[in-house]
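Heads up: the structure comes next, in structure tokens.
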Amino acid sequence: MHEMGIACSVLDAVRAESLRFTGRHICKVGVRIGELAGVDPEAMRFCFDALVRGTDLEPLALEVDYCPRRHECESCGCHFFSPLDGMPCPQCGGSTSRLSGGEELELAYLEVDDGACATGTQSPE
Ligand SMILES: [Zn+2]
């Protein structure tokens, strides 16, 4: 089950980030998982909870942002969700499109216990 490895790297990232928030507790972590990443969000959640339990990171919630497979039309440039290759564009009917999303596997955001959101940009205090 490779979800365990992924949950581990997410927690490593949370630990690294927590150094920036001395005295504050990270209470939520958002992870973007694409349909094509081959990760089962439920298995991921299960592994994550198992790893967090009993550690100083607790309580820590995991929010999974599931990203369906997405294509970009090469004729008109619009993005659309498509379960398969070669689906015609809903805007112009064009049949050439390229994969533009659905392979995400990344940390989306962290939330610290004062409710501030840390997405790389620090809000002024
Ligand atoms: Zn199009």
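A note on labels: chains of the structure tokens are A, B, ... as shown, every chain counts residues from 1, and ligands are counted from 1 in their shown order.
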
Counting only C-alpha atoms and all ligand atoms, what are the residues, protein, DNA or RNA alike, that approach ligand 1 to within 12 Å? I want them as a VMD selection string.
chain A and resid 71 to 80 87 to 98

Stretch 3-43 of chain A residues near stretch 55-59 of chain A within 12 Å, closest pair each, using only C-alpha atoms, as a Markdown table:
| residue | atom | partner | partner_atom | distance |
| --- | --- | --- | --- | --- |
| A:Leu11 | CA | A:Leu57 | CA | 8.7 |
| A:Asp12 | CA | A:Leu57 | CA | 10.8 |
| A:Ala13 | CA | A:Leu57 | CA | 11.9 |
| A:Val14 | CA | A:Leu57 | CA | 8.7 |
| A:Arg15 | CA | A:Leu57 | CA | 8.1 |
| A:Ala16 | CA | A:Leu57 | CA | 11.8 |
| A:Glu17 | CA | A:Leu57 | CA | 11.8 |
| A:Ser18 | CA | A:Leu57 | CA | 9.4 |
| A:Arg24 | CA | A:Leu57 | CA | 11.0 |
| A:His25 | CA | A:Leu57 | CA | 7.8 |
| A:Ile26 | CA | A:Leu57 | CA | 7.5 |
| A:Cys27 | CA | A:Pro59 | CA | 6.2 |
| A:Lys28 | CA | A:Pro59 | CA | 8.4 |
| A:Val29 | CA | A:Pro59 | CA | 11.0 |

Since we have the selection now, will you write its residues out, keeping N, CA and C atoms, as a PDB file, in the first residue's frame?
ATOM      1  N   LEU A  11       3.433  14.019   6.190  1.00  0.00           N
ATOM      2  CA  LEU A  11       3.730  14.352   7.587  1.00  0.00           C
ATOM      3  C   LEU A  11       5.123  14.953   7.736  1.00  0.00           C
ATOM      4  N   ASP A  12       6.072  14.474   6.932  1.00  0.00           N
ATOM      5  CA  ASP A  12       7.421  15.059   6.954  1.00  0.00           C
ATOM      6  C   ASP A  12       7.344  16.536   6.581  1.00  0.00           C
ATOM      7  N   ALA A  13       6.543  16.822   5.559  1.00  0.00           N
ATOM      8  CA  ALA A  13       6.385  18.204   5.106  1.00  0.00           C
ATOM      9  C   ALA A  13       5.725  19.043   6.193  1.00  0.00           C
ATOM     10  N   VAL A  14       4.723  18.462   6.863  1.00  0.00           N
ATOM     11  CA  VAL A  14       4.048  19.188   7.937  1.00  0.00           C
ATOM     12  C   VAL A  14       5.028  19.499   9.064  1.00  0.00           C
ATOM     13  N   ARG A  15       5.859  18.509   9.408  1.00  0.00           N
ATOM     14  CA  ARG A  15       6.862  18.724  10.465  1.00  0.00           C
ATOM     15  C   ARG A  15       7.844  19.836  10.078  1.00  0.00           C
ATOM     16  N   ALA A  16       8.278  19.810   8.830  1.00  0.00           N
ATOM     17  CA  ALA A  16       9.213  20.831   8.360  1.00  0.00           C
ATOM     18  C   ALA A  16       8.567  22.209   8.426  1.00  0.00           C
ATOM     19  N   GLU A  17       7.320  22.274   7.995  1.00  0.00           N
ATOM     20  CA  GLU A  17       6.607  23.552   7.997  1.00  0.00           C
ATOM     21  C   GLU A  17       6.335  24.041   9.411  1.00  0.00           C
ATOM     22  N   SER A  18       6.117  23.102  10.325  1.00  0.00           N
ATOM     23  CA  SER A  18       5.742  23.490  11.691  1.00  0.00           C
ATOM     24  C   SER A  18       6.853  24.300  12.356  1.00  0.00           C
ATOM     25  N   ARG A  24       2.635  27.552  17.597  1.00  0.00           N
ATOM     26  CA  ARG A  24       1.293  27.330  17.055  1.00  0.00           C
ATOM     27  C   ARG A  24       1.212  25.892  16.565  1.00  0.00           C
ATOM     28  N   HIS A  25       0.020  25.379  16.586  1.00  0.00           N
ATOM     29  CA  HIS A  25      -0.177  23.993  16.183  1.00  0.00           C
ATOM     30  C   HIS A  25      -0.832  23.938  14.801  1.00  0.00           C
ATOM     31  N   ILE A  26      -0.259  23.150  13.930  1.00  0.00           N
ATOM     32  CA  ILE A  26      -0.890  22.944  12.629  1.00  0.00           C
ATOM     33  C   ILE A  26      -2.036  21.965  12.837  1.00  0.00           C
ATOM     34  N   CYS A  27      -3.249  22.407  12.504  1.00  0.00           N
ATOM     35  CA  CYS A  27      -4.398  21.562  12.825  1.00  0.00           C
ATOM     36  C   CYS A  27      -4.991  20.896  11.591  1.00  0.00           C
ATOM     37  N   LYS A  28      -4.615  21.383  10.422  1.00  0.00           N
ATOM     38  CA  LYS A  28      -5.202  20.789   9.234  1.00  0.00           C
ATOM     39  C   LYS A  28      -4.225  20.863   8.069  1.00  0.00           C
ATOM     40  N   VAL A  29      -4.190  19.811   7.293  1.00  0.00           N
ATOM     41  CA  VAL A  29      -3.356  19.818   6.112  1.00  0.00           C
ATOM     42  C   VAL A  29      -4.210  19.410   4.904  1.00  0.00           C
TER      43      VAL A  29
END

Ranking A:Asp49, A:Asp114, A:Glu103, A:Tyr109 by minimum distance to A:Gly34 and counting only C-alpha atoms, which one comes first?
A:Glu103

Members of stretch 20-121 of chain A assigned helix (DSSP H, G or I) by DSSP, as an MDAnalysis selection string
chainID A and resid 35:37 41:52

If you keep C-alpha atoms, can you produce a file of those selected residues as an mmCIF file, in the first residue's frame?
data_model
loop_
_atom_site.group_PDB
_atom_site.id
_atom_site.type_symbol
_atom_site.label_atom_id
_atom_site.label_comp_id
_atom_site.auth_asym_id
_atom_site.auth_seq_id
_atom_site.Cartn_x
_atom_site.Cartn_y
_atom_site.Cartn_z
ATOM 1 C CA GLU A 35 -7.550 10.920 -10.274
ATOM 2 C CA LEU A 36 -4.541 9.598 -12.195
ATOM 3 C CA ALA A 37 -2.128 9.698 -9.266
ATOM 4 C CA PRO A 41 -8.079 8.942 -0.827
ATOM 5 C CA GLU A 42 -9.728 6.684 1.746
ATOM 6 C CA ALA A 43 -6.621 4.515 2.143
ATOM 7 C CA MET A 44 -4.594 7.703 2.347
ATOM 8 C CA ARG A 45 -6.807 9.051 5.130
ATOM 9 C CA PHE A 46 -6.548 5.755 7.000
ATOM 10 C CA CYS A 47 -2.733 5.710 6.844
ATOM 11 C CA PHE A 48 -2.525 9.357 7.774
ATOM 12 C CA ASP A 49 -4.687 8.893 10.874
ATOM 13 C CA ALA A 50 -2.654 5.864 11.905
ATOM 14 C CA LEU A 51 0.611 7.815 11.598
ATOM 15 C CA VAL A 52 -0.637 10.891 13.435
#

Counting only C-alpha atoms, the residue of A:Leu60, A:Cys8, A:Leu105, A:Gly23 that sits nearest A:Gly38:
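Selected residue with least distance to A:Gly38: A:Leu105.
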
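Closest to A:Ser82 among A:Asp113, A:Ala7, A:Gly102, A:Asp65 is A:Gly102, based on only C-alpha atoms.
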
Coordinates-based distance that separates atom CA of A:Val39 from atom CA of A:Glu104 (Å, one decimal):
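Taking atom CA of A:Glu104 and atom CA of A:Val39, their separation equals 10.1 Å.
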
For atom CA of A:Leu19 and atom CA of A:Asp40, determine how far apart the two atoms are, in Å to one decimal place.
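One can read the atom CA of A:Leu19 to atom CA of A:Asp40 distance as 29.3 Å.
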
Could you tell me how far atom CA of A:Tyr66 sits from atom CA of A:Ile33, in Å to one decimal place?
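Answer for the atom CA of A:Ile33 to atom CA of A:Tyr66 separation: 5.0 Å.
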
List every residue of stretch 10-113 of chain A that DSSP, applied to the backbone, labels as strand (DSSP E or B), and write the result as a count of residues only.
36

Compile the contact shell of A:Glu106 as a PyMOL selection string: residues with an atom at most 9 Å away, counting only C-alpha atoms, same-chain residues fewer than 6 positions apart removed.
chain A and resi 10+30-33
